[in-house]
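Participant: Next comes start-v3.cif, mmCIF, C-alpha atoms:
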```
data_final
loop_
_atom_site.label_atom_id
_atom_site.label_comp_id
_atom_site.auth_asym_id
_atom_site.auth_seq_id
_atom_site.Cartn_x
_atom_site.Cartn_y
_atom_site.Cartn_z
CA MET A 66 -9.65 5.95 -2.66
CA ALA A 67 -10.62 2.94 -4.76
CA MET A 68 -11.74 0.98 -1.72
CA HIS A 69 -13.68 3.93 -0.32
CA GLN A 70 -15.37 4.36 -3.71
CA ALA A 71 -16.27 0.66 -3.73
CA LYS A 72 -17.76 1.00 -0.22
CA ILE A 73 -19.88 3.98 -1.37
CA GLN A 74 -21.15 2.05 -4.39
CA ASP A 75 -21.84 -1.15 -2.42
CA PRO A 76 -22.68 -0.82 1.27
CA ASN A 77 -21.96 -4.56 1.64
CA PHE A 78 -18.35 -4.02 0.59
CA PRO A 79 -16.26 -5.01 3.63
CA ASP A 80 -14.87 -2.39 5.96
CA PHE A 81 -11.17 -1.86 5.47
CA ASP A 82 -8.15 -0.20 6.91
CA ILE A 83 -4.79 0.53 5.37
CA PHE A 84 -1.57 -0.47 7.06
CA VAL A 85 1.51 1.42 5.90
CA SER A 86 5.02 0.41 6.80
CA ASP A 87 8.44 1.69 5.87
CA ILE A 88 11.93 1.53 7.26
CA SER A 89 12.18 5.33 7.07
CA GLU A 90 10.82 7.46 9.92
CA ARG A 91 10.81 10.43 7.51
CA VAL A 92 8.55 8.61 5.05
CA LEU A 93 6.19 7.50 7.81
CA SER A 94 6.03 11.02 9.23
CA ARG A 95 5.22 12.44 5.83
CA THR A 96 2.56 9.79 5.29
CA LYS A 97 0.99 10.61 8.65
CA GLU A 98 0.82 14.29 7.70
CA GLY A 99 -0.95 13.40 4.46
CA LEU A 100 0.43 16.48 2.70
CA TYR A 101 1.20 16.56 -1.01
CA SER A 102 2.43 19.24 -3.40
CA GLN A 103 0.51 20.35 -6.48
CA LEU A 104 2.94 18.39 -8.66
CA GLU A 105 2.38 15.20 -6.64
CA VAL A 106 -1.41 15.32 -6.81
CA GLN A 107 -1.35 16.10 -10.54
CA ARG A 108 0.48 12.86 -11.36
CA GLY A 109 -2.28 10.41 -12.24
CA LEU A 110 -5.00 11.75 -9.93
CA SER A 111 -8.20 12.97 -11.56
CA THR A 112 -9.65 16.35 -10.63
CA LYS A 113 -12.77 14.57 -9.35
CA LEU A 114 -10.74 12.46 -6.88
CA LEU A 115 -8.59 15.42 -5.91
CA ILE A 116 -11.65 17.45 -4.95
CA GLU A 117 -13.34 14.52 -3.22
CA TYR A 118 -10.39 13.32 -1.14
CA PHE A 119 -8.11 16.33 -0.63
CA GLU A 120 -8.34 19.86 0.73
CA LYS A 121 -5.94 22.72 0.22
CA ASP A 122 -4.16 23.99 3.31
CA GLU A 123 -2.84 27.46 4.17
CA ASN A 124 0.52 26.69 2.47
CA ASN A 125 -1.09 25.64 -0.84
CA SER A 126 -0.34 21.98 -0.14
CA TRP A 127 -3.00 19.32 -0.52
CA ARG A 128 -3.97 17.36 2.62
CA ILE A 129 -5.79 14.07 2.35
CA LYS A 130 -9.18 14.27 4.05
CA ALA A 131 -9.92 12.47 7.31
CA VAL A 132 -12.27 10.01 5.60
CA LEU A 133 -9.13 8.26 4.30
CA ARG A 134 -6.48 9.52 6.71
CA ASP A 135 -8.36 7.94 9.63
CA LYS A 136 -8.19 4.54 7.91
CA ILE A 137 -4.38 4.51 7.90
CA ARG A 138 -2.17 2.80 10.50
CA LEU A 139 1.59 3.33 10.39
CA LYS A 140 4.50 1.28 11.69
CA LYS A 141 8.23 1.27 11.11
CA ILE A 142 9.22 -2.16 9.82
CA ASN A 143 12.44 -3.49 8.37
CA LEU A 144 11.42 -6.28 5.99
CA LEU A 145 14.83 -7.88 6.42
CA GLU A 146 13.92 -8.61 10.05
CA SER A 147 11.06 -10.46 11.70
CA ILE A 148 7.68 -8.80 11.20
CA PRO A 149 5.63 -8.57 14.41
CA ALA A 150 2.41 -10.59 14.38
CA SER A 151 0.66 -7.53 15.81
CA VAL A 152 0.61 -5.92 12.35
CA GLY A 153 -2.23 -8.27 11.43
CA ILE A 154 -3.30 -10.48 8.55
CA PHE A 155 -4.04 -9.00 5.13
CA GLU A 156 -6.08 -9.74 2.03
CA VAL A 157 -3.63 -7.77 -0.13
CA ILE A 158 -0.08 -6.60 0.47
CA PHE A 159 1.54 -4.10 -1.88
CA CYS A 160 5.32 -4.35 -1.74
CA ARG A 161 6.49 -2.20 -4.58
CA ASN A 162 10.08 -1.48 -5.54
CA VAL A 163 11.58 -3.16 -2.49
CA LEU A 164 12.75 -6.50 -3.85
CA ILE A 165 14.68 -5.00 -6.78
CA TYR A 166 17.33 -3.83 -4.32
CA GLN A 167 17.73 -7.20 -2.58
CA SER A 168 19.85 -10.30 -3.09
CA VAL A 169 18.03 -13.50 -4.05
CA GLU A 170 18.38 -14.76 -0.46
CA ASN A 171 16.84 -11.57 0.92
CA LYS A 172 14.04 -11.67 -1.67
CA ILE A 173 13.15 -15.20 -0.60
CA ALA A 174 13.17 -14.23 3.09
CA VAL A 175 11.11 -11.06 2.58
CA VAL A 176 8.50 -12.79 0.42
CA ASP A 177 8.25 -15.63 2.94
CA ARG A 178 7.67 -13.13 5.78
CA LEU A 179 5.05 -11.23 3.78
CA LEU A 180 3.19 -14.34 2.67
CA ARG A 181 2.81 -15.39 6.32
CA LEU A 182 0.70 -12.24 6.70
CA VAL A 183 -1.52 -12.91 3.67
CA VAL A 184 -4.76 -14.88 4.03
CA PRO A 185 -5.18 -17.99 1.87
CA ASN A 186 -6.12 -16.86 -1.65
CA GLY A 187 -4.94 -13.35 -0.77
CA PHE A 188 -2.60 -11.34 -2.97
CA LEU A 189 0.92 -9.98 -2.97
CA VAL A 190 1.47 -7.16 -5.46
CA LEU A 191 5.00 -6.23 -6.45
CA GLY A 192 6.42 -3.40 -8.54
CA ALA A 193 6.47 -3.72 -12.32
CA ALA A 194 10.23 -4.37 -12.33
CA GLU A 195 9.97 -7.17 -9.76
CA SER A 196 9.35 -10.87 -10.27
CA MET A 197 8.75 -13.96 -8.17
CA LEU A 198 10.86 -16.07 -10.52
CA GLY A 199 13.06 -18.24 -8.31
CA VAL A 200 11.68 -16.60 -5.17
CA SER A 201 8.58 -18.55 -4.15
CA THR A 202 6.40 -21.42 -5.29
CA ALA A 203 3.72 -20.57 -2.71
CA VAL A 204 1.97 -18.23 -5.16
CA LYS A 205 0.60 -18.24 -8.66
CA GLN A 206 0.74 -15.30 -11.01
CA VAL A 207 -2.61 -13.68 -11.80
CA GLN A 208 -3.22 -11.07 -14.48
CA PHE A 209 -5.58 -8.13 -13.83
CA GLY A 210 -5.67 -6.27 -17.14
CA THR A 211 -2.09 -5.08 -17.55
CA ALA A 212 -1.28 -5.54 -13.84
CA VAL A 213 0.22 -8.66 -12.31
CA ALA A 214 -0.40 -9.95 -8.79
CA TYR A 215 0.59 -13.12 -7.00
CA LYS A 216 -2.16 -15.18 -5.40
CA LYS A 217 -1.24 -17.18 -2.33
CA ASN A 218 -1.86 -20.93 -2.81
#
```
Would you write out, as structure tokens, the structure that this file holds?

Facilitator:
Amino acid sequence: MAMHQAKIQDPNFPDFDIFVSDISERVLSRTKEGLYSQLEVQRGLSTKLLIEYFEKDENNSWRIKAVLRDKIRLKKINLLESIPASVGIFEVIFCRNVLIYQSVENKIAVVDRLLRLVVPNGFLVLGAAESMLGVSTAVKQVQFGTAVAYKKN
């Protein structure tokens, strides 16, 4: 939504697509459907964005509109295994709440795999409970307000 809003405000904003991966087929299927309950859309989403980007379906669920749904590509990926080059190269990768469940060795391997997919000066964003301490020296921490990201060297 934020990137679509930026594109509306500035026609020179680059085109974008969103690549979603997960190890769970169930999660990917649900993402493809783009259906959310009332409770889910109420959590942090303004009424303005809800009306602009969602429509209510016959079961009183909220479906994300095609303007965003059509931008999404999905693929099942296990981050503990090799990531196919066909997924592409990214300016930003969000990998939230994955590393907290991994050993240090797995964290290092996952971050290394992800950083191979990030353009120079691109970003890796982790969950608030995650850190790169002892994981990689190929990034530097950057603060965006209260958020932290890691910029690839």

Participant: If you count all atoms listed in the file, which residues fall within 12 Å of range 101-109 of chain A, apart from same-chain ones fewer than 4 positions away, as a PyMOL selection string?

Facilitator: chain A and resi 95-97+113-116+118-122+124-130

Participant: Quick one: residues within 10 Å of (-1.2, -10.8, -9.1) (file frame), counting only C-alpha atoms, please, as number ranges by chain.

Facilitator: A: 157, 187-191, 204-209, 212-217

Participant: For the atom pair CA of Lys172 in chain A and CA of Gly210 in chain A, what is the interatomic distance in Å to one decimal place?

Facilitator: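 Interatomic distance, CA of Lys172 in chain A to CA of Gly210 in chain A: 25.6 Å.
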
Participant: Please provide the set of residues having any atom within 8 Å of Val184 in chain A, restricted to all atoms listed in the file, with same-chain residues fewer than 6 positions apart removed, written as a list in words.

Facilitator: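 In the requested format, the answer is Ile154, Phe155, Glu156 and Lys217 of chain A.
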
Participant: With distances taken over only C-alpha atoms, which of A:Arg134, A:Lys140, A:Ser111, A:Asn77 is nearest to Glu90 in chain A?

Facilitator: A:Lys140

Participant: For a test of reading the model, state the distance in Å between CA of Ser201 in chain A and CA of Ile148 in chain A, rounded to one decimal.

Facilitator: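 Going from CA of Ser201 in chain A over to CA of Ile148 in chain A covers 18.2 Å.
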
Participant: Excluding same-chain residues fewer than 6 positions from Val175 in chain A, what lies within 12 Å of it counting all atoms listed in the file, as an mmCIF file with C-alpha atoms, in the coordinates of the input?

Facilitator:
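Below is the file that was written, part30.cif:
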```
data_model
loop_
_atom_site.group_PDB
_atom_site.id
_atom_site.type_symbol
_atom_site.label_atom_id
_atom_site.label_comp_id
_atom_site.auth_asym_id
_atom_site.auth_seq_id
_atom_site.Cartn_x
_atom_site.Cartn_y
_atom_site.Cartn_z
ATOM 1 C CA ILE A 142 9.220 -2.160 9.820
ATOM 2 C CA ASN A 143 12.440 -3.490 8.370
ATOM 3 C CA LEU A 144 11.420 -6.280 5.990
ATOM 4 C CA LEU A 145 14.830 -7.880 6.420
ATOM 5 C CA GLU A 146 13.920 -8.610 10.050
ATOM 6 C CA SER A 147 11.060 -10.460 11.700
ATOM 7 C CA ILE A 148 7.680 -8.800 11.200
ATOM 8 C CA CYS A 160 5.320 -4.350 -1.740
ATOM 9 C CA VAL A 163 11.580 -3.160 -2.490
ATOM 10 C CA LEU A 164 12.750 -6.500 -3.850
ATOM 11 C CA ILE A 165 14.680 -5.000 -6.780
ATOM 12 C CA TYR A 166 17.330 -3.830 -4.320
ATOM 13 C CA GLN A 167 17.730 -7.200 -2.580
ATOM 14 C CA SER A 168 19.850 -10.300 -3.090
ATOM 15 C CA VAL A 169 18.030 -13.500 -4.050
ATOM 16 C CA ARG A 181 2.810 -15.390 6.320
ATOM 17 C CA LEU A 182 0.700 -12.240 6.700
ATOM 18 C CA LEU A 189 0.920 -9.980 -2.970
ATOM 19 C CA LEU A 191 5.000 -6.230 -6.450
ATOM 20 C CA MET A 197 8.750 -13.960 -8.170
ATOM 21 C CA VAL A 200 11.680 -16.600 -5.170
ATOM 22 C CA SER A 201 8.580 -18.550 -4.150
#
```

Participant: To one decimal place, how far is CA of Asp80 in chain A from CA of Phe159 in chain A in Å?

Facilitator: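 Spanning CA of Asp80 in chain A to CA of Phe159 in chain A is a straight-line distance of 18.3 Å.
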
Participant: Given the file above and the PyMOL selection byres ((chain A and resi 68) around 10), which residues are selected, and can you give them as a PyMOL selection string?

Facilitator: chain A and resi 66-67+69-74+78-83+133

Participant: For range 121-134 of chain A, which lacks atoms in the input, supply N, CA and C atoms and format the output as an mmCIF file, in the frame of the given file.

Facilitator:
```cif
data_model
loop_
_atom_site.group_PDB
_atom_site.id
_atom_site.type_symbol
_atom_site.label_atom_id
_atom_site.label_comp_id
_atom_site.auth_asym_id
_atom_site.auth_seq_id
_atom_site.Cartn_x
_atom_site.Cartn_y
_atom_site.Cartn_z
ATOM 1 N N LYS A 121 -7.123 21.869 0.257
ATOM 2 C CA LYS A 121 -5.940 22.720 0.220
ATOM 3 C C LYS A 121 -5.715 23.331 1.589
ATOM 4 N N ASP A 122 -4.454 23.381 2.022
ATOM 5 C CA ASP A 122 -4.160 23.990 3.310
ATOM 6 C C ASP A 122 -3.623 25.414 3.108
ATOM 7 N N GLU A 123 -3.269 26.057 4.211
ATOM 8 C CA GLU A 123 -2.840 27.460 4.170
ATOM 9 C C GLU A 123 -1.519 27.662 3.416
ATOM 10 N N ASN A 124 -0.750 26.598 3.189
ATOM 11 C CA ASN A 124 0.520 26.690 2.470
ATOM 12 C C ASN A 124 0.414 26.241 1.015
ATOM 13 N N ASN A 125 -0.821 26.107 0.531
ATOM 14 C CA ASN A 125 -1.090 25.640 -0.840
ATOM 15 C C ASN A 125 -0.668 24.197 -1.080
ATOM 16 N N SER A 126 -0.549 23.420 -0.016
ATOM 17 C CA SER A 126 -0.340 21.980 -0.140
ATOM 18 C C SER A 126 -1.714 21.315 -0.107
ATOM 19 N N TRP A 127 -1.760 20.092 -0.542
ATOM 20 C CA TRP A 127 -3.000 19.320 -0.520
ATOM 21 C C TRP A 127 -2.918 18.298 0.602
ATOM 22 N N ARG A 128 -3.913 18.305 1.506
ATOM 23 C CA ARG A 128 -3.970 17.360 2.620
ATOM 24 C C ARG A 128 -5.092 16.363 2.358
ATOM 25 N N ILE A 129 -4.772 15.100 2.527
ATOM 26 C CA ILE A 129 -5.790 14.070 2.350
ATOM 27 C C ILE A 129 -6.836 14.217 3.451
ATOM 28 N N LYS A 130 -8.090 14.074 3.092
ATOM 29 C CA LYS A 130 -9.180 14.270 4.050
ATOM 30 C C LYS A 130 -9.246 13.120 5.062
ATOM 31 N N ALA A 131 -9.841 13.420 6.184
ATOM 32 C CA ALA A 131 -9.920 12.470 7.310
ATOM 33 C C ALA A 131 -10.622 11.176 6.931
ATOM 34 N N VAL A 132 -11.536 11.214 5.986
ATOM 35 C CA VAL A 132 -12.270 10.010 5.600
ATOM 36 C C VAL A 132 -11.297 8.891 5.182
ATOM 37 N N LEU A 133 -10.163 9.255 4.614
ATOM 38 C CA LEU A 133 -9.130 8.260 4.300
ATOM 39 C C LEU A 133 -8.008 8.253 5.321
ATOM 40 N N ARG A 134 -7.600 9.425 5.757
ATOM 41 C CA ARG A 134 -6.480 9.520 6.710
ATOM 42 C C ARG A 134 -6.754 8.710 7.973
#
```
